[in-house]
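This is query_2.csv. It holds CSV, C-alpha atoms.
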chain,number,residue,atom,x,y,z
A,15,MET,CA,-15.2,10.4,7.4
A,16,ILE,CA,-16.9,9.1,4.3
A,17,ARG,CA,-15.1,6.0,3.1
A,18,SER,CA,-14.2,5.5,-0.5
A,19,GLN,CA,-15.5,2.6,-2.5
A,20,HIS,CA,-11.9,1.8,-3.5
A,21,LEU,CA,-8.7,0.9,-1.7
A,22,PHE,CA,-5.2,1.4,-3.1
A,23,PHE,CA,-2.7,-1.1,-1.9
A,24,TYR,CA,1.1,-0.7,-2.6
A,25,GLY,CA,2.6,-3.4,-0.4
A,26,VAL,CA,1.9,-6.7,1.4
A,27,LEU,CA,-1.9,-6.6,0.8
A,28,GLN,CA,-1.5,-6.7,-3.0
A,29,GLU,CA,-2.4,-10.0,-4.7
A,30,GLY,CA,0.7,-12.2,-4.9
A,31,LEU,CA,2.4,-10.8,-1.8
A,32,GLY,CA,2.0,-11.8,1.9
A,33,PRO,CA,1.1,-15.3,3.2
A,34,ASP,CA,-0.4,-17.7,0.7
A,35,GLY,CA,0.1,-15.2,-2.2
A,36,GLY,CA,-1.9,-12.5,-0.4
A,37,ASP,CA,-4.9,-14.5,0.8
A,38,TRP,CA,-5.6,-12.4,3.8
A,39,PRO,CA,-8.8,-13.5,5.6
A,40,PHE,CA,-9.8,-9.9,6.5
A,41,LEU,CA,-9.9,-8.9,2.8
A,42,ARG,CA,-12.8,-11.3,2.1
A,43,GLY,CA,-15.2,-9.4,-0.2
A,44,LEU,CA,-12.4,-7.5,-2.0
A,45,GLY,CA,-13.4,-6.9,-5.6
A,46,LEU,CA,-11.4,-6.7,-8.8
A,47,GLY,CA,-8.2,-4.8,-8.9
A,48,ALA,CA,-6.3,-2.9,-11.5
A,49,PRO,CA,-2.7,-1.5,-11.7
A,50,ALA,CA,-2.5,2.0,-10.4
A,51,THR,CA,-0.1,4.7,-9.3
A,52,VAL,CA,0.2,7.6,-6.9
A,53,GLN,CA,2.9,10.2,-6.3
A,54,GLY,CA,5.0,10.0,-3.1
A,55,ALA,CA,7.9,8.5,-1.4
A,56,LEU,CA,8.1,4.8,-0.6
A,57,TYR,CA,10.2,3.2,2.2
A,58,ALA,CA,10.8,-0.4,3.2
A,59,ILE,CA,10.3,-0.9,6.9
A,60,PRO,CA,12.0,-3.8,8.7
A,61,ALA,CA,9.7,-5.9,10.8
A,62,GLY,CA,10.4,-9.1,12.8
A,63,SER,CA,9.1,-11.4,10.1
A,64,GLY,CA,10.0,-9.5,7.0
A,65,TRP,CA,9.6,-6.1,5.4
A,66,HIS,CA,6.6,-3.9,4.7
A,67,PRO,CA,6.4,-0.6,2.8
A,68,ALA,CA,5.5,2.9,4.1
A,69,LEU,CA,4.0,5.5,1.7
A,70,ILE,CA,4.6,9.1,2.5
A,71,LEU,CA,2.7,11.7,0.4
A,72,THR,CA,5.3,14.2,-0.7
A,73,GLN,CA,6.6,16.1,-3.7
A,74,ALA,CA,10.0,16.4,-2.0
A,75,ARG,CA,13.4,14.9,-2.9
A,76,TYR,CA,12.5,11.2,-2.8
A,77,SER,CA,9.1,11.7,-4.5
A,78,THR,CA,8.5,9.2,-7.3
A,79,ILE,CA,5.7,7.2,-8.9
A,80,ILE,CA,4.4,4.6,-6.5
A,81,HIS,CA,3.1,1.4,-8.1
A,82,GLY,CA,0.2,-0.5,-6.6
A,83,THR,CA,-3.2,-1.8,-7.2
A,84,ILE,CA,-6.6,-0.2,-6.8
A,85,TYR,CA,-9.4,-2.5,-5.7
A,86,ASP,CA,-13.2,-2.3,-5.4
A,87,ALA,CA,-13.6,-2.4,-1.7
A,88,SER,CA,-17.3,-1.8,-1.3
A,89,GLU,CA,-17.8,-5.3,0.4
A,90,VAL,CA,-14.7,-5.2,2.7
A,91,ASP,CA,-14.8,-4.9,6.5
A,92,ILE,CA,-12.7,-1.7,6.6
A,93,ALA,CA,-12.4,-1.9,10.4
A,94,ALA,CA,-10.5,-5.2,10.1
A,95,VAL,CA,-8.1,-3.7,7.5
A,96,ASP,CA,-7.6,-0.6,9.8
A,97,ALA,CA,-6.7,-3.0,12.7
A,98,PHE,CA,-4.2,-4.9,10.5
A,99,GLU,CA,-2.5,-1.7,9.4
A,100,GLY,CA,-2.1,-0.5,12.9
A,101,ALA,CA,-1.3,2.8,14.6
A,102,ASP,CA,1.6,3.8,12.3
A,103,TYR,CA,-0.7,4.2,9.3
A,104,ALA,CA,-3.7,6.5,8.7
A,105,ARG,CA,-6.3,5.6,6.1
A,106,GLN,CA,-6.7,8.7,3.8
A,107,SER,CA,-8.6,9.4,0.6
A,108,ILE,CA,-6.1,10.2,-2.2
A,109,SER,CA,-6.2,10.6,-6.0
A,110,VAL,CA,-5.0,7.4,-7.7
A,111,ASP,CA,-4.3,7.2,-11.4
A,112,GLY,CA,-5.2,4.0,-13.3
A,113,TRP,CA,-8.6,2.6,-12.3
A,114,ASP,CA,-10.3,3.1,-15.6
A,115,GLY,CA,-7.6,4.5,-17.8
A,116,TYR,CA,-9.3,7.9,-17.9
A,117,GLY,CA,-7.5,9.7,-15.1
A,118,GLU,CA,-7.7,9.9,-11.4
A,119,THR,CA,-10.0,8.1,-9.0
A,120,GLN,CA,-10.4,8.7,-5.3
A,121,ALA,CA,-9.3,5.7,-3.2
A,122,ASP,CA,-8.4,5.1,0.4
A,123,ALA,CA,-4.8,4.4,1.1
A,124,TYR,CA,-2.8,3.7,4.2
A,125,ILE,CA,-0.3,6.5,4.7
A,126,TRP,CA,2.7,6.2,7.0
A,127,THR,CA,2.3,8.7,9.9
A,128,ALA,CA,5.1,7.7,12.3
A,129,ASP,CA,8.8,8.5,12.3
A,130,LEU,CA,10.8,6.3,10.0
A,131,PRO,CA,12.5,3.6,12.2
A,132,PRO,CA,16.2,2.8,12.0
A,133,GLY,CA,16.9,0.5,9.1
A,134,ALA,CA,14.2,2.0,6.9
A,135,GLU,CA,15.3,2.1,3.2
A,136,VAL,CA,14.1,4.2,0.3
A,137,ILE,CA,12.5,2.3,-2.5
A,138,ALA,CA,13.6,4.5,-5.4
A,139,SER,CA,11.7,2.5,-8.0
A,140,GLY,CA,8.4,3.0,-6.1
A,141,ASN,CA,7.6,-0.7,-6.5
A,142,PHE,CA,7.6,-2.8,-3.3
A,143,ALA,CA,7.2,-6.1,-5.1
A,144,GLU,CA,10.2,-5.4,-7.4
A,145,TRP,CA,12.3,-4.2,-4.4
A,146,LEU,CA,11.6,-7.5,-2.6
A,147,LYS,CA,12.8,-9.5,-5.7
A,148,GLU,CA,15.8,-7.3,-6.3
A,149,THR,CA,17.0,-7.4,-2.6
A,150,GLY,CA,16.0,-11.0,-1.8
A,151,ARG,CA,14.2,-9.8,1.3
A,152,ASP,CA,11.1,-11.4,2.7
A,153,CYS,CA,7.7,-9.8,2.7
A,154,TYR,CA,6.0,-9.2,6.1
A,155,SER,CA,3.6,-12.0,6.7
A,156,GLY,CA,1.7,-10.9,9.7
Mind turning this structure into structure tokens?
Amino acid sequence: MIRSQHLFFYGVLQEGLGPDGGDWPFLRGLGLGAPATVQGALYAIPAGSGWHPALILTQARYSTIIHGTIYDASEVDIAAVDAFEGADYARQSISVDGWDGYGETQADAYIWTADLPPGAEVIASGNFAEWLKETGRDCYSG
């Protein structure tokens, strides 16, 4: 699989989320980011130390605009990011709107592939950071 030069993050790996405001050591080399969106369904998944989101690509009933950030990832150790995301996610190239303001850009995103666990909640707004604030829940911190 040819890897994209961009990564789309919609959850705990976005700047400002996660431990120390998103200073994940395995993201060393991550370039500039810009707000971006994709179409899909977003769920909050309970984990032992907080919540993390799950993006499912769909046009079905719960489909909405998912808000995130697209980053230049040409200098990132992608194997370390894959290891962090784990077996329930698959890295996939998708069309992301918002990198340059002129339309869609291809970016790798981590798509949820497992069954949704008990306690998973739909994030109707499509914005994980806003959902955390609104619900008072903690972000997964690793």
Mind giving me the straight-line distance from atom CA of Arg42 of chain A to atom CA of Asp91 of chain A in Å, one decimal?
->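 About the pair atom CA of Arg42 of chain A and atom CA of Asp91 of chain A: they are 8.0 Å apart.
Relative to atom CA of Val90 of chain A, atom CA of Arg105 of chain A is found at 14.1 Å.
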Got a sec: who's within 10 Å of Ser139 of chain A, counting only C-alpha atoms, leaving out chain neighbours fewer than 3 positions off, as a PyMOL selection string?
-> chain A and resi 55-56+78-81+136+142+144-145
Pick from A:Trp126, A:Trp65, A:Tyr57, A:Phe98, whichever lies nearest to Ser77 of chain A using only C-alpha atoms = A:Tyr57
In terms of all atoms listed in the file, the residue from A:Glu118, A:Asp111, A:Pro60, A:Ala104 at minimal distance from Cys153 of chain A is A:Pro60
For the point (11.5, -9.8, -1.3) in the file's frame, write as a PyMOL selection string all residues with an atom no more than 12 Å away, counting all atoms listed in the file.
-> chain A and resi 25-26+30-32+58+60+63-67+141-155
Select, from A:Ala61, A:Ala93, A:Ile70, A:Ala138, the residue with the minimum atom-to-atom distance to Ile108 of chain A, counting all atoms listed in the file.
->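 Among the listed residues, A:Ile70 lies closest to Ile108 of chain A.
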Rank A:Ala50, A:Glu89, A:Ile59, A:Gly43 by their smallest atom-to-atom distance to Pro132 of chain A, using all atoms listed in the file, and report the top residue only.
->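 Between A:Ala50, A:Glu89, A:Ile59, A:Gly43, the residue approaching Pro132 of chain A most closely is A:Ile59.
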Quick one: of A:Gly62, A:Tyr124, A:Ala48, A:Leu71, who's nearest to Val95 of chain A, counting all atoms listed in the file?
->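 Of A:Gly62, A:Tyr124, A:Ala48, A:Leu71, the one nearest Val95 of chain A is A:Tyr124, counting all atoms listed in the file.
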For each of A:Leu27, A:Leu69, A:Leu21, A:Val52, take the minimum atom-to-atom distance to Ala128 of chain A, counting only C-alpha atoms, then give the residue where this is smallest.
-> A:Leu69
